[in-house]
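Q: Take a look at this one; I'll ask things after.
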Amino acid sequence: MILRTLVAVLLVAVPASADVVRIEVKSRTPVLAGQAFGSIGPYERLAGTIYFAIDPSNTANQIIADIDQAPRNAAGKVEFSSDFYLLKPVDPSRGNGTILYEVSNRGGKGMVGFFNYAQGGADPQTAPQFGDGFLLEQGFTLIWIGWQFDVPQREGIMRVYAPIAKEAGGRAITGLVRSDFVPPARATEAWLADRGHQAYVVSDRNDPATVMTVRDTVEGARRTIPRDQWQFSDDGKSVRMAAGFEPKKIYEVVYRAQDPAVVGVGPAAIRDTISKVKYGGAAELGLPAGAIKRSIAFGISQSGRFLRTFLYYGFNEDEAHRKVFDGVMPHVAGSGRGSFNHRFAQPSRDGHPFINFFYPTDIFPFTDAEQTDPETGITDGLLTHALKPAFQPNIFYTNSSYEYWGRAASLFHTTVDGTKDARLPANVRGYLLSAGQHGVAGFPPSRSIGQQMNNPLDYRWAMRSLLVSMNRWVTDGTAPPARALPRVENGTLVTRDKLKFAKLQAVNVPAVPHKAYRGDYGPDFITKGVVTQEPPAIKSAFAILVPQVDADGN
């Protein structure tokens, strides 16, 4: 009787998990021919595929849009897989015990180049591609996991192989998809997806209800282009107009597609992989139980917005109700989230001053703590929407000056109306990388589309320091640097009309920062992740503030 009771207790105490069902290692090679990285020793590179089967009835998975419409195997689980790429110490016991996960930006790998001052690359093999070895000498285990289903078909790109949502009986799901594009030069054809990504195919190329419009500015009136003046390509992935699309006009086509991917399995793949190696190890990867004690997530731009979205939906709680990431570092994400967990989502789409308008990116809520939008009456917060306090990580938000002008960054630390500074929770720090641009430019600086040359101000030294600080914070509680943000209360965060930038020859200051709008995507968007209104009904814009400059204009 005592033995039976003991067995029952053990079965309850150790939660069963079938999330990661198999890890297939397709390649395993030494890094730089076995070169030692300081006291950590040599590293090795592993790549392959991780296979998942998740329980759609588990509350940790109910947050995935369309999970109830995903096909199930004989055990009632939803199956999918992801690419993975791992750089780890050959002897994990010599590492620092922290796994550092980078959210792949549109399928790529950036953190080795970013932190190591390296050339980087999709599959780094040479000494220049590893730079000065900073991350490896620190002892981090580095991992990338495919999360985006629609990335371009290029060698080395990380992707998730997501299931397709279906109606009962296997009937196809259809829905609205919106594609906008701004031709840089006159062209007769335009791709329906963003920046070379995989497009949702038009379900009926001759559907008379399909509409294309053109407008001159973001807030300008749409003009409908007659249906007989344009058509879809034979493969249903692009649009053509014999007369040509005019440069710098905003074109927008709303069409009906079918077979939406269950996009939200992407963040679930990350969640379950990190939890597996953190709580139980992975013998296939040479990571025994206990080798990984902590986890930090890092993401740049789109990937930083992904992390904010990951937290908003509650993915930092795994199927066994344990914390996934101990630390999260969204870099140059502004105040945005993104299309990472809704039906017919286009994850590459962002909110940008010159492309990708009115996608669900810069949308309320912006702050970690709850706020109420007085115009809509909605009360919500990034960390309070679905994430219990026990699963909240320590967070560093880092933004350059650009994000305040081009990514609505002020909203994550002000009230909705922009009149006061918002409270940041105790587990959150924010830092302005003053005078920097979205991505550090090379030196000597080059010229691209901007009025001035690209900005080579290199804030990666500060980011290295912050990464070490984050690791100390999650390891032993060592307090990180104090917040360093412009503030309303001391006049360092102001409205555009209060900016004291000097008048300089051949230097024009943008008249209006990038705006974040109140958009209505239909009644089921927030609760079910289903967009039923395209284009969205756009209402008023939120208050955007920018950093004040000093007497020298800095």
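Scheme for the structure tokens: letters A, B, ... for chains in order shown; per-chain residue numbers from 1; ligand numbers from 1 in order shown.
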Which residues are near A:Ala291? Cut-off 12 Å, only C-alpha atoms, ignore same chain within fewer than 5 positions. Put them as a list in words.

A: Lys88, Pro89, Val90, Asp91, Pro92, Ser93, Arg94, Gly95, Asn96, Gly97, Thr98, Ile99, Gly139, Phe140, Thr141, Lys276, Val277, Lys278, Tyr279, Gly280, Gly281, Ala282, Ala283, Leu285 and Gly286 of chain A

Q: Using C-alpha atoms, can you export the residues from the last selection as a compact mmCIF listing (two decimals), in the first residue's frame?

A:
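See part.txt below for the written result:
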```
# COMPACT_ATOMS: atom_id res chain seq x y z
CA LYS A 88 27.75 24.58 -27.40
CA PRO A 89 30.86 23.81 -25.35
CA VAL A 90 32.12 20.30 -26.09
CA ASP A 91 32.21 19.88 -22.32
CA PRO A 92 28.97 21.54 -21.13
CA SER A 93 30.16 21.52 -17.53
CA ARG A 94 32.72 24.18 -18.48
CA GLY A 95 30.03 26.51 -19.83
CA ASN A 96 28.32 29.20 -17.80
CA GLY A 97 25.06 27.23 -17.47
CA THR A 98 23.05 29.72 -19.55
CA ILE A 99 21.46 28.99 -22.91
CA GLY A 139 30.53 30.20 -21.93
CA PHE A 140 27.05 30.66 -23.38
CA THR A 141 25.30 27.81 -25.17
CA LYS A 276 13.36 20.61 -22.44
CA VAL A 277 17.04 21.50 -22.24
CA LYS A 278 16.57 23.65 -19.14
CA TYR A 279 14.57 21.22 -17.04
CA GLY A 280 15.55 17.81 -18.36
CA GLY A 281 18.49 18.13 -20.69
CA ALA A 282 18.76 16.67 -24.19
CA ALA A 283 21.13 13.74 -24.59
CA LEU A 285 22.42 17.46 -28.16
CA GLY A 286 25.09 16.51 -25.66
```

Q: Among stretch 282-366 of chain A, which residues carry a DSSP assignment of helix (DSSP H, G or I), reported as a list in words?

A: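 After running DSSP on the backbone, stretch 282-366 of chain A has helix (DSSP H, G or I) at Ala283, Glu284, Leu285, Gln302, Ser303, Gly304, Arg305, Phe306, Leu307, Arg308, Thr309, Phe310, Leu311, Tyr312 and Tyr313 of chain A.
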
Q: Choose the residue, out of A:Tyr43, A:Lys528, A:Val20, A:Lys388, that has the smallest atom-to-atom separation from A:Ser275; count only C-alpha atoms.

A: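 Between A:Tyr43, A:Lys528, A:Val20, A:Lys388, the residue approaching A:Ser275 most closely is A:Val20.
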
Q: For A:Gly156, find every residue with an atom within 9 Å (counting only C-alpha atoms), except residues of its own chain fewer than 4 positions away, and show them as a list in words.

A: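 What passes the distance filter is Gly107, Gly108, Gly121, Ala122 and Asp123 of chain A.
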
Q: Using only C-alpha atoms, please write the residues we just selected to a file, as a PDB file, in the first residue's frame.

A:
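Result file follows (selection-v4.pdb):
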```pdb
ATOM      1  CA  GLY A 107      15.038  33.139 -40.624  1.00  0.00           C
ATOM      2  CA  GLY A 108      18.576  34.454 -40.172  1.00  0.00           C
ATOM      3  CA  GLY A 121      26.420  34.155 -41.332  1.00  0.00           C
ATOM      4  CA  ALA A 122      23.825  31.422 -41.672  1.00  0.00           C
ATOM      5  CA  ASP A 123      26.436  28.742 -40.930  1.00  0.00           C
TER       6      ASP A 123
END
```

Q: Can you work out which one of A:Gln258, A:Thr398, A:Ser339, A:Ser446 has the shortest atom-to-atom distance to A:Lys166, counting only C-alpha atoms?

A: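 Closest candidate: A:Gln258.
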
Q: Taking 5 positions as the minimum chain separation for residues in the same chain, which residues sit within 12 Å of A:Pro353 when counting only C-alpha atoms? Answer as a PyMOL selection string.

A: chain A and resi 182+217-219+250+358+362+402-408+510+512-516

Q: Looking only at the backbone, which of the residues in stretch 127-234 of chain A does DSSP tag as strand (DSSP E), as a PyMOL selection string?

A: chain A and resi 141-145+160-161+174-181+187-191+211-215+223-224+231-232

Q: Next, dump the selected residues to file, keeping only N, CA and C atoms, as a compact mmCIF listing (two decimals), in the first residue's frame.

A:
```txt
# COMPACT_ATOMS: atom_id res chain seq x y z
N THR A 141 25.78 28.76 -24.17
CA THR A 141 25.30 27.81 -25.17
C THR A 141 24.35 28.59 -26.06
N LEU A 142 24.60 28.59 -27.36
CA LEU A 142 23.84 29.42 -28.30
C LEU A 142 22.91 28.54 -29.13
N ILE A 143 21.66 28.98 -29.24
CA ILE A 143 20.70 28.17 -30.00
C ILE A 143 19.77 29.05 -30.82
N TRP A 144 19.42 28.53 -31.99
CA TRP A 144 18.41 29.12 -32.87
C TRP A 144 17.37 28.04 -33.17
N ILE A 145 16.11 28.41 -33.17
CA ILE A 145 15.01 27.47 -33.42
C ILE A 145 14.05 28.12 -34.42
N VAL A 160 9.82 27.06 -39.14
CA VAL A 160 8.96 26.08 -38.50
C VAL A 160 8.06 25.50 -39.59
N TYR A 161 7.79 24.20 -39.49
CA TYR A 161 6.93 23.52 -40.46
C TYR A 161 5.58 23.34 -39.77
N THR A 174 -11.12 29.67 -45.25
CA THR A 174 -10.78 30.82 -46.07
C THR A 174 -10.86 32.09 -45.23
N GLY A 175 -10.23 33.13 -45.70
CA GLY A 175 -10.26 34.40 -44.98
C GLY A 175 -9.59 35.49 -45.77
N LEU A 176 -9.69 36.70 -45.23
CA LEU A 176 -9.14 37.87 -45.91
C LEU A 176 -7.65 38.01 -45.65
N VAL A 177 -6.93 38.40 -46.70
CA VAL A 177 -5.51 38.73 -46.62
C VAL A 177 -5.32 40.09 -47.27
N ARG A 178 -4.51 40.92 -46.64
CA ARG A 178 -4.23 42.24 -47.21
C ARG A 178 -2.74 42.34 -47.53
N SER A 179 -2.45 42.81 -48.72
CA SER A 179 -1.07 43.03 -49.14
C SER A 179 -0.92 44.47 -49.57
N ASP A 180 0.05 45.17 -48.96
CA ASP A 180 0.34 46.51 -49.48
C ASP A 180 1.79 46.57 -49.93
N PHE A 181 2.07 47.47 -50.85
CA PHE A 181 3.43 47.60 -51.38
C PHE A 181 3.61 49.01 -51.92
N ALA A 187 6.88 49.72 -61.98
CA ALA A 187 6.94 48.27 -62.22
C ALA A 187 5.57 47.79 -62.65
N THR A 188 5.54 46.65 -63.32
CA THR A 188 4.26 46.11 -63.77
C THR A 188 3.82 44.90 -62.95
N GLU A 189 4.64 44.46 -62.00
CA GLU A 189 4.27 43.31 -61.17
C GLU A 189 4.77 43.51 -59.76
N ALA A 190 4.00 43.05 -58.78
CA ALA A 190 4.38 43.16 -57.37
C ALA A 190 4.02 41.87 -56.64
N TRP A 191 4.93 41.40 -55.80
CA TRP A 191 4.75 40.20 -55.00
C TRP A 191 3.76 40.47 -53.88
N VAL A 211 -10.41 43.73 -54.21
CA VAL A 211 -10.28 45.17 -54.42
C VAL A 211 -8.81 45.58 -54.33
N MET A 212 -8.39 46.42 -55.26
CA MET A 212 -7.08 47.06 -55.17
C MET A 212 -7.28 48.56 -55.13
N THR A 213 -6.53 49.21 -54.23
CA THR A 213 -6.60 50.66 -54.11
C THR A 213 -5.20 51.26 -54.19
N VAL A 214 -5.15 52.56 -54.37
CA VAL A 214 -3.90 53.30 -54.35
C VAL A 214 -4.14 54.60 -53.59
N ARG A 215 -3.13 55.05 -52.85
CA ARG A 215 -3.24 56.34 -52.17
C ARG A 215 -1.85 56.99 -52.15
N ARG A 223 -8.09 55.28 -53.51
CA ARG A 223 -8.77 55.32 -54.80
C ARG A 223 -8.79 53.91 -55.37
N THR A 224 -9.97 53.41 -55.70
CA THR A 224 -10.09 52.05 -56.21
C THR A 224 -9.64 51.98 -57.67
N GLN A 231 -4.60 42.23 -62.69
CA GLN A 231 -4.95 40.84 -62.50
C GLN A 231 -3.87 40.15 -61.65
N PHE A 232 -4.24 39.00 -61.10
CA PHE A 232 -3.28 38.19 -60.37
C PHE A 232 -2.46 37.35 -61.35
```

Q: Would you tabulate, counting only C-alpha atoms, all residues of stretch 251-370 of chain A that have an atom at most 12 Å from an atom of stretch 149-153 of chain A, showing the closest pair of atoms and their distance in Å to one decimal, sorted by chain then ascending number, as a tab-separated table?

A:
```
residue	atom	partner	partner_atom	distance
A:Pro260	CA	A:Phe149	CA	10.7
A:Ala261	CA	A:Phe149	CA	7.7
A:Val262	CA	A:Phe149	CA	9.0
A:Val263	CA	A:Phe149	CA	7.0
A:Gly264	CA	A:Phe149	CA	9.8
A:Val265	CA	A:Phe149	CA	9.4
A:Gly266	CA	A:Phe149	CA	7.6
A:Pro267	CA	A:Phe149	CA	11.1
A:Ala269	CA	A:Phe149	CA	11.7
A:Ser339	CA	A:Asp150	CA	11.9
A:Phe340	CA	A:Phe149	CA	10.0
A:Asn341	CA	A:Phe149	CA	11.5
A:Phe344	CA	A:Asp150	CA	10.9
A:Ala345	CA	A:Asp150	CA	9.7
A:Gln346	CA	A:Asp150	CA	7.8
A:Pro347	CA	A:Asp150	CA	7.8
A:Ser348	CA	A:Val151	CA	8.1
A:Arg349	CA	A:Asp150	CA	11.3
```

Q: Hey, can you check how far atom CA of A:Phe412 sits from atom CA of A:Gly491?

A: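 Those two atoms sit 17.2 Å apart.
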